[in-house]
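Asker: Take this structure first; my questions come after.
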Amino acid sequence: MSNVNLFTGSSGYVVTPELMDAVNVSIALKKPLLIKGEPGTGKTMLAQAIAESLDKPLIVWSIKSTTKAQDGLYLYDTVQRLYDSQFGEGDVSDIGQYIRLGKLGEAFTSEDQAVLLIDEIDKADLEFPNDLLWELDRMEFYINETKETITTKHRPIVIITSNAEKELPDAFLRRCIFHYIEFPDEEKMREIIRVHYGDLDGKLVENALEAFYQIREMSDLQKKPSTSELLDWIQALMVSGVSVDDLSEKMPFVGVLLKKNEDIEVMQEIKEKGYSLRRW
Amino acid sequence: MFLEFFYLLRAKGLNVTINEWMTLMEALDKGMAKASLTGFYRLCRSVLIKTEADFDKFDQVFMEYFGAIETPEDLPQEFWDWLAHGERERDLDDHGDQELFARELEELLRMFEERIQEQKEEHHGGNYWIGTGGTSTMGRGGYNPTGIRVGGKSRHKTALQVAGERNFKDFREDTILGIRQFQMAFRKLRQYSTRVDGVEKELDLDKTVDETCDNAGMLTLAYERPRKNTVKVLLLIDSEGSMLPYSRLCNRLFQAVSKSNHFKDLKIYYFHNAIYDQLYTTPHCKMRDSVETTWVFHKLDSEYKVIFVGDAAMAPSELHRPGGNAIIGVYNRETGIEWFNKFKKRFKKQIWLNPIEEKYWDNTYGSATIGEIRKVFPMFELSLTGLEAGLKKLMVR
């Protein structure tokens, strides 16, 4: 394996050996890497870390429920052309100037090899991934209006994230390398905290982690707190300087961890009685 | 190369294709397994398996094929006793002698077999026998990058049988039904119509083109009403007594339904075992939180899709005798089964979801009443497949 494009993690991002292998396999095989995992496990951050560590530009294509495959390739700005023809501005016969490349097009034509992040692909329509099969396979597309084919100068490194809101089509999955990011265990979490805040007061970290994993165990919560919420919470605890002796009992700033009122109530009920019927 | 492994994966229901297999071969050619079984395992998994739900199955197949590594179960009892005595663990940075070399798996396994034959007593801290805290290739709590761990906790994760740990058991789709899966299923309850009341606010392109042409090219905009889901749902949940073991499952179902905001209307009531004159607005089934069942009949039109959730297991008297109501102090003139038949008449579509597995319906506690209720409503098992079949039943005309 050549060492030219070898991802070894970055200073601000804790990466497991499994994930590192998956990234390097996908780079070496020139196949998109599909990343799944609970919210807050750093799926989106991964692309940033790769771009940073390999020193390549990062192009982010955030998918929304209304995004179409075509949006990523190019848009033909017909309205602008119509305006121009009405007001006699610009050269209307030159269609090329009304073609705007999308994020995929941008990544294809980038002067340096780019890292392309297709974020939350499952948000879009069910057929969306299928519409991109050819483009991701061949890394080229055709612009009807100008009869041009856009090909890649350097095949981008493609990272795709999914929250598993929708099942992705098999044909699409077959072309990807897949990795599932597990929720970090306590050991890993300690490392993540260290990366973010340096060495902290041991008691603060211990007690915060204990309280945090205790809450995550509660299966009746609608939205479990994730890594980013834990980091915010620890910061709140540090800044405020509250006593950290009985964190899991008093739960100061619980609103940072749990964003829903019902969840806070459920959490308190479980702490009191050991169970909750509230969600029924 | 390992072609049997490919067929074994497919035989176990993992949908691995030739293309993915060829990708794996390409990766192996490039030396991406890093000449270790752990590396090979990771590589296989990320190239061949595309959902965490299949990780556990994959782990098992991997174990089966590169098998015999999962030795602990077959180990003679004395070995376990020896290991249990004198537990000691090496420090993480203590690697023992540095002459590490990657042993061939087969050789390692052969040695393991031999050692089981040879070893007659307990050993700890050494480099040859099966013991604890040493650097031999087999035992536990020690360090050897290519060794076999015999029980105990995983400390370095370099032992060959990470797969044997089955870390992904919880993700198996056939055992766990998550809120999201329920939600996905409930999305199927859709029936779009533009005939619902509302403002015409969406641009109707076809009509706009037509009218503009009619108008000799002067732009004329035409609007239409947005399409909306017309499905209304009445969810009735059996909440007490024999349903307690299924509370977690039902809770997930409840959360999924209440989070689904695409229904035109959603009403949820609770009952205990069977339905009589009252329905309850809380799962505790107390009189003060009740509504008259007939009031519900009057208020909801027949288009509501009715979903019963319950184990349908109860004393036959609760279905067949006046006054059979299991809630103390509440008398019913009409029997439970009569009330159920009223539901069947009042609403066009209803299904019953039962958390008891279908294969037990004929021979479990309450099989008599399960049978009775199945005659009134189509009953489905509360699993992903059962739910999907049931929801389909609700949608077909």
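To be explicit about the labels: the chains of the structure tokens are called A, B, and onward in the order shown, and within each one the residues are counted from 1, while ligands get numbers from 1 in the order they are shown.
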What residues in region 1-199 of chain A get the DSSP label alpha helix (DSSP H)? Please answer as a PyMOL selection string.
Answerer: chain A and resi 17-29+43-54+69-73+78-87+103-109+128-131+133-138+170-174+186-197
Asker: Determine, for each residue of chain B having at least one atom at most 8 Å from an atom of chain A, the closest pair of atoms and their separation in Å to one decimal, counting only C-alpha atoms; order by chain and ascending number, as a Markdown table.
Answerer:
```
| residue | atom | partner | partner_atom | distance |
| --- | --- | --- | --- | --- |
| B:Thr17 | CA | A:Arg174 | CA | 7.7 |
| B:Asn19 | CA | A:Arg174 | CA | 7.6 |
| B:Glu20 | CA | A:Arg174 | CA | 6.4 |
| B:Thr23 | CA | A:Leu29 | CA | 7.7 |
| B:Glu26 | CA | A:Leu29 | CA | 7.8 |
| B:Ala27 | CA | A:Leu29 | CA | 6.8 |
| B:Lys30 | CA | A:Met1 | CA | 6.0 |
| B:Gly31 | CA | A:Met1 | CA | 6.5 |
| B:Met32 | CA | A:Val25 | CA | 6.9 |
| B:Arg42 | CA | A:Glu18 | CA | 6.6 |
| B:Leu43 | CA | A:Ala22 | CA | 7.2 |
| B:Arg45 | CA | A:Phe178 | CA | 7.9 |
| B:Ser46 | CA | A:Phe178 | CA | 4.8 |
| B:Val47 | CA | A:Ile177 | CA | 5.1 |
| B:Leu48 | CA | A:Ile177 | CA | 7.9 |
| B:Ile49 | CA | A:Phe178 | CA | 6.9 |
| B:Lys50 | CA | A:Phe178 | CA | 5.4 |
| B:Thr51 | CA | A:Phe178 | CA | 7.5 |
| B:Glu52 | CA | A:Tyr180 | CA | 6.3 |
| B:Arg180 | CA | A:Glu165 | CA | 7.2 |
| B:Met184 | CA | A:Lys166 | CA | 7.6 |
| B:Asn251 | CA | A:Trp280 | CA | 6.2 |
| B:Phe254 | CA | A:Trp280 | CA | 6.9 |
| B:Gln255 | CA | A:Arg279 | CA | 7.4 |
| B:Thr282 | CA | A:Trp280 | CA | 7.6 |
| B:Pro283 | CA | A:Trp280 | CA | 6.3 |
```
Asker: Residues within 10 Å of Glu52 (chain A), please, as number ranges by chain. Count only C-alpha atoms; anything in the same chain fewer than 6 positions from it doesn't count.
Answerer: A: 7, 9-12, 46, 58, 115
Asker: Restrict the selected residues to C-alpha atoms and save them as a CSV table (one decimal), in the first residue's frame.
Answerer:
```
chain,number,residue,atom,x,y,z
A,7,PHE,CA,-5.1,8.5,6.8
A,9,GLY,CA,-6.2,10.5,12.3
A,10,SER,CA,-5.8,14.1,13.2
A,11,SER,CA,-5.0,16.0,16.3
A,12,GLY,CA,-8.6,17.0,17.0
A,46,LEU,CA,-14.5,12.4,10.0
A,58,LEU,CA,-13.1,19.7,1.7
A,115,VAL,CA,-12.5,15.2,-0.1
```
Asker: Restricting the calculation to only C-alpha atoms: of B:Lys349, B:Leu28, B:Lys359, B:Phe66, which residue gets closest to Leu391 (chain B)?
Answerer: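 Checking each of B:Lys349, B:Leu28, B:Lys359, B:Phe66 against Leu391 (chain B), counting only C-alpha atoms, the winner is B:Lys349.
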Asker: So that I can see what lies close to Tyr76 (chain A), please list as a PyMOL selection string the residues with an atom at most 12 Å from it, counting only C-alpha atoms and leaving out residues fewer than 4 positions away in the same chain.
Answerer: chain A and resi 70-72+80-82+95-102+143-146
Asker: Region 128-132 of chain A: which residues within 9 Å, counting only C-alpha atoms, same-chain residues fewer than 3 positions away excluded, as a list in words?
Answerer: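 These residues fall inside the cut-off: Thr67, Lys68, Ala69, Gln70, Ile121, Asp122, Ala124, Asp125, Glu135, Leu136, Asp137, Leu168, Pro169, Ala171 and Phe172 of chain A.
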Asker: What does the file look like for those residues with N, CA and C atoms, as a PDB file, in the first residue's frame?
Answerer:
```pdb
ATOM      1  N   THR A  67     -33.460  17.693  -1.777  1.00  0.00           N
ATOM      2  CA  THR A  67     -32.310  17.633  -2.674  1.00  0.00           C
ATOM      3  C   THR A  67     -32.511  16.572  -3.758  1.00  0.00           C
ATOM      4  N   LYS A  68     -32.165  16.935  -4.979  1.00  0.00           N
ATOM      5  CA  LYS A  68     -32.216  15.970  -6.073  1.00  0.00           C
ATOM      6  C   LYS A  68     -30.788  15.703  -6.549  1.00  0.00           C
ATOM      7  N   ALA A  69     -30.605  14.540  -7.164  1.00  0.00           N
ATOM      8  CA  ALA A  69     -29.273  14.172  -7.636  1.00  0.00           C
ATOM      9  C   ALA A  69     -28.735  15.235  -8.585  1.00  0.00           C
ATOM     10  N   GLN A  70     -29.622  15.757  -9.414  1.00  0.00           N
ATOM     11  CA  GLN A  70     -29.215  16.745 -10.399  1.00  0.00           C
ATOM     12  C   GLN A  70     -28.565  17.970  -9.742  1.00  0.00           C
ATOM     13  N   ILE A 121     -27.143  11.351   3.598  1.00  0.00           N
ATOM     14  CA  ILE A 121     -27.737  10.982   2.307  1.00  0.00           C
ATOM     15  C   ILE A 121     -29.136  10.409   2.486  1.00  0.00           C
ATOM     16  N   ASP A 122     -29.435   9.896   3.686  1.00  0.00           N
ATOM     17  CA  ASP A 122     -30.739   9.272   3.902  1.00  0.00           C
ATOM     18  C   ASP A 122     -31.860  10.290   4.050  1.00  0.00           C
ATOM     19  N   ALA A 124     -32.649  12.448   1.829  1.00  0.00           N
ATOM     20  CA  ALA A 124     -33.258  12.704   0.533  1.00  0.00           C
ATOM     21  C   ALA A 124     -34.260  11.613   0.179  1.00  0.00           C
ATOM     22  N   ASP A 125     -34.819  11.758  -1.008  1.00  0.00           N
ATOM     23  CA  ASP A 125     -35.790  10.804  -1.497  1.00  0.00           C
ATOM     24  C   ASP A 125     -35.193   9.405  -1.586  1.00  0.00           C
ATOM     25  N   GLU A 135     -22.602   8.377 -11.773  1.00  0.00           N
ATOM     26  CA  GLU A 135     -21.668   9.471 -11.521  1.00  0.00           C
ATOM     27  C   GLU A 135     -20.584   9.049 -10.521  1.00  0.00           C
ATOM     28  N   LEU A 136     -20.999   8.311  -9.472  1.00  0.00           N
ATOM     29  CA  LEU A 136     -20.014   7.918  -8.470  1.00  0.00           C
ATOM     30  C   LEU A 136     -19.117   6.787  -8.973  1.00  0.00           C
ATOM     31  N   ASP A 137     -19.683   5.937  -9.839  1.00  0.00           N
ATOM     32  CA  ASP A 137     -18.905   4.837 -10.408  1.00  0.00           C
ATOM     33  C   ASP A 137     -17.860   5.354 -11.377  1.00  0.00           C
ATOM     34  N   LEU A 168     -31.053   2.324   2.417  1.00  0.00           N
ATOM     35  CA  LEU A 168     -30.432   2.709   1.152  1.00  0.00           C
ATOM     36  C   LEU A 168     -30.534   1.535   0.176  1.00  0.00           C
ATOM     37  N   PRO A 169     -30.652   1.848  -1.119  1.00  0.00           N
ATOM     38  CA  PRO A 169     -30.830   0.774  -2.102  1.00  0.00           C
ATOM     39  C   PRO A 169     -29.594  -0.133  -2.199  1.00  0.00           C
ATOM     40  N   ALA A 171     -28.183  -1.647  -4.725  1.00  0.00           N
ATOM     41  CA  ALA A 171     -27.249  -1.370  -5.815  1.00  0.00           C
ATOM     42  C   ALA A 171     -26.240  -0.305  -5.387  1.00  0.00           C
ATOM     43  N   PHE A 172     -26.718   0.642  -4.612  1.00  0.00           N
ATOM     44  CA  PHE A 172     -25.847   1.697  -4.124  1.00  0.00           C
ATOM     45  C   PHE A 172     -24.874   1.151  -3.076  1.00  0.00           C
TER      46      PHE A 172
END
```
Asker: Which residue out of B:Phe347, B:Tyr246, B:Trp21, B:Phe5 has the minimum interatomic distance to Leu300 (chain B) when only C-alpha atoms are used?
Answerer: B:Phe347
Asker: Tell me, which residues of region 22-271 of chain A carry DSSP strand (DSSP E or B), written as a PyMOL selection string?
Answerer: chain A and resi 33-37+58-62+74-76+99-101+115-119+140-143+148-151+157-162+177-181
Asker: Identify, on the basis of only C-alpha atoms, every residue whose closest approach to Glu206 (chain A) does not exceed 10 Å; exclude the query and any residue fewer than 4 positions from it along the same chain; express the result as a VMD selection string.
Answerer: chain A and resid 186 190 201 to 202 210 to 212 244 247
